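Participant: Just dropping this structure here.
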Amino acid sequence: MIDMAREFSPYPSGRVPDDGEFNGQKFRREYLMPAIVKILNGDIEDTEIVIDIDGVRVFGSSFLEEAFGGLVREDEIDSLRAIPLLRIKRTKAGLQMYEDDIKDHLTTALEAAKRSEERRVGKECRSRWS
């Protein structure tokens, strides 16, 4: 489990290091990716990565997009295997909108990646036919 407020920050914000210390890129690279890789490689017996957001006071939208959408867009992982490993834990009703935002960023990034792959394959096929 990743307790975001205790292990990272109760005020995560920004996309990249220039935006501040507790940015989305840092969270993705130093917390999410190592946890995903350990599970996918079979290094640990866990079957999911629980991300506890209860102690977080507020999220910047660019943080969420970079941390979670960036998993698909930026990192070389098998997104279709990795994304289902993530589970957001929250007990506070006020954090529902952030949980929804995280899911939206993941879905949007996966759809964009799928369209990009379809375009790449289409170009490859057209070039063979020429």
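Quick note on naming: the chains in the structure tokens go A, B, ... in the order shown, residues restart at 1 in each chain, and ligands are numbered from 1 in order of appearance.
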Neighbours of Phe22 (chain A) within 7 Å (only C-alpha atoms; same-chain residues fewer than 2 positions away dropped), as a list in words?

Facilitator: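 Those residues are Ser9, Pro12, Ser13, Gly20, Gly24 and Lys26 of chain A.
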
Participant: Quick one: residues within 7 Å of region 55-72 of chain A, only C-alpha atoms counted, chain neighbours fewer than 6 positions away excluded, as a list of chain:residue names?

Facilitator: A:Met4, A:Ala5, A:Pro10, A:Tyr11, A:Pro12, A:Ser13, A:Gly14, A:Arg15, A:Asn23, A:Gly24, A:Gln25, A:Phe27, A:Arg28, A:Ser79, A:Ile102, A:His105, A:Leu106, A:Ala109, A:Leu110

Participant: Go through A:Met97, A:Ala112, A:Ile39, A:Ile53 and flag the residue nearest Leu85 (chain A), using only C-alpha atoms for the distances.

Facilitator: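 Residue with the minimum atom-to-atom distance to Leu85 (chain A): A:Ile39.
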
Participant: Can you pull out every residue within 10 Å of Ile77 (chain A), counting only C-alpha atoms, but drop anything in the same chain fewer than 3 positions away, and send it as a ChimeraX atom specification?

Facilitator: /A:33,36-37,40,71-74,80-83

Participant: Quick one: pick out all alpha helix (DSSP H) residues within region 39-72 of chain A from a backbone DSSP run and write them as a list of chain:residue names.

Facilitator: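 Output for region 39-72 of chain A, alpha helix (DSSP H) only: A:Ile39, A:Leu40, A:Ser61, A:Ser62, A:Phe63, A:Leu64, A:Gly70, A:Leu71, A:Val72.
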
Participant: Grab the residues selected above and save them as a JSON list (two decimals), in the first residue's frame with N, CA and C atoms.

Facilitator:
```
[["chain", "number", "residue", "atom", "x", "y", "z"],
["A", 39, "ILE", "N", 5.29, -6.16, -8.80],
["A", 39, "ILE", "CA", 4.18, -7.11, -8.97],
["A", 39, "ILE", "C", 4.29, -7.82, -10.32],
["A", 40, "LEU", "N", 4.51, -7.05, -11.40],
["A", 40, "LEU", "CA", 4.58, -7.66, -12.73],
["A", 40, "LEU", "C", 5.74, -8.64, -12.86],
["A", 61, "SER", "N", -4.76, 19.23, -10.44],
["A", 61, "SER", "CA", -5.19, 18.38, -11.56],
["A", 61, "SER", "C", -4.01, 17.95, -12.41],
["A", 62, "SER", "N", -3.01, 18.81, -12.56],
["A", 62, "SER", "CA", -1.85, 18.41, -13.37],
["A", 62, "SER", "C", -1.07, 17.30, -12.68],
["A", 63, "PHE", "N", -1.08, 17.27, -11.36],
["A", 63, "PHE", "CA", -0.44, 16.18, -10.62],
["A", 63, "PHE", "C", -1.10, 14.85, -10.98],
["A", 64, "LEU", "N", -2.43, 14.81, -10.92],
["A", 64, "LEU", "CA", -3.15, 13.56, -11.18],
["A", 64, "LEU", "C", -2.94, 13.08, -12.61],
["A", 70, "GLY", "N", 0.31, 9.55, -16.99],
["A", 70, "GLY", "CA", 1.69, 9.34, -17.40],
["A", 70, "GLY", "C", 2.13, 7.89, -17.34],
["A", 71, "LEU", "N", 1.46, 7.08, -16.53],
["A", 71, "LEU", "CA", 1.79, 5.64, -16.50],
["A", 71, "LEU", "C", 1.65, 5.03, -17.88],
["A", 72, "VAL", "N", 0.65, 5.46, -18.60],
["A", 72, "VAL", "CA", 0.39, 4.92, -19.93],
["A", 72, "VAL", "C", 1.25, 5.64, -20.96]]
```

Participant: In region 2-127 of chain A, what's strand (DSSP E or B) per DSSP? Answer as a PyMOL selection string?

Facilitator: chain A and resi 2-3+49-52+86-89

Participant: Next, dump the selected residues to file, keeping only N, CA, C and O atoms, as a JSON list (two decimals), in the first residue's frame.

Facilitator:
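Generated output (part-v7.json):
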```json
[["chain", "number", "residue", "atom", "x", "y", "z"],
["A", 2, "ILE", "N", 0.43, 2.23, -0.74],
["A", 2, "ILE", "CA", 1.10, 3.52, -0.75],
["A", 2, "ILE", "C", 0.17, 4.50, -0.04],
["A", 2, "ILE", "O", -0.92, 4.80, -0.54],
["A", 3, "ASP", "N", 0.58, 4.97, 1.12],
["A", 3, "ASP", "CA", -0.17, 5.99, 1.84],
["A", 3, "ASP", "C", 0.35, 7.34, 1.34],
["A", 3, "ASP", "O", 1.39, 7.81, 1.77],
["A", 49, "ILE", "N", -2.02, -2.78, -6.08],
["A", 49, "ILE", "CA", -1.36, -1.65, -5.45],
["A", 49, "ILE", "C", -2.45, -0.76, -4.91],
["A", 49, "ILE", "O", -3.21, -0.17, -5.69],
["A", 50, "VAL", "N", -2.56, -0.70, -3.62],
["A", 50, "VAL", "CA", -3.56, 0.15, -2.98],
["A", 50, "VAL", "C", -2.93, 1.52, -2.75],
["A", 50, "VAL", "O", -1.87, 1.63, -2.14],
["A", 51, "ILE", "N", -3.59, 2.54, -3.27],
["A", 51, "ILE", "CA", -3.11, 3.90, -3.09],
["A", 51, "ILE", "C", -4.12, 4.60, -2.18],
["A", 51, "ILE", "O", -5.24, 4.90, -2.59],
["A", 52, "ASP", "N", -3.70, 4.81, -0.94],
["A", 52, "ASP", "CA", -4.56, 5.42, 0.06],
["A", 52, "ASP", "C", -4.45, 6.93, -0.06],
["A", 52, "ASP", "O", -3.39, 7.51, 0.15],
["A", 86, "LEU", "N", -4.06, -1.25, -9.94],
["A", 86, "LEU", "CA", -4.23, -0.07, -9.09],
["A", 86, "LEU", "C", -5.61, -0.05, -8.44],
["A", 86, "LEU", "O", -6.62, -0.27, -9.10],
["A", 87, "ARG", "N", -5.62, 0.23, -7.15],
["A", 87, "ARG", "CA", -6.89, 0.42, -6.44],
["A", 87, "ARG", "C", -6.74, 1.65, -5.56],
["A", 87, "ARG", "O", -5.80, 1.76, -4.78],
["A", 88, "ILE", "N", -7.67, 2.56, -5.69],
["A", 88, "ILE", "CA", -7.66, 3.78, -4.89],
["A", 88, "ILE", "C", -8.47, 3.51, -3.63],
["A", 88, "ILE", "O", -9.60, 3.02, -3.69],
["A", 89, "LYS", "N", -7.88, 3.83, -2.49],
["A", 89, "LYS", "CA", -8.56, 3.65, -1.21],
["A", 89, "LYS", "C", -8.86, 5.03, -0.65],
["A", 89, "LYS", "O", -8.00, 5.90, -0.57]]
```
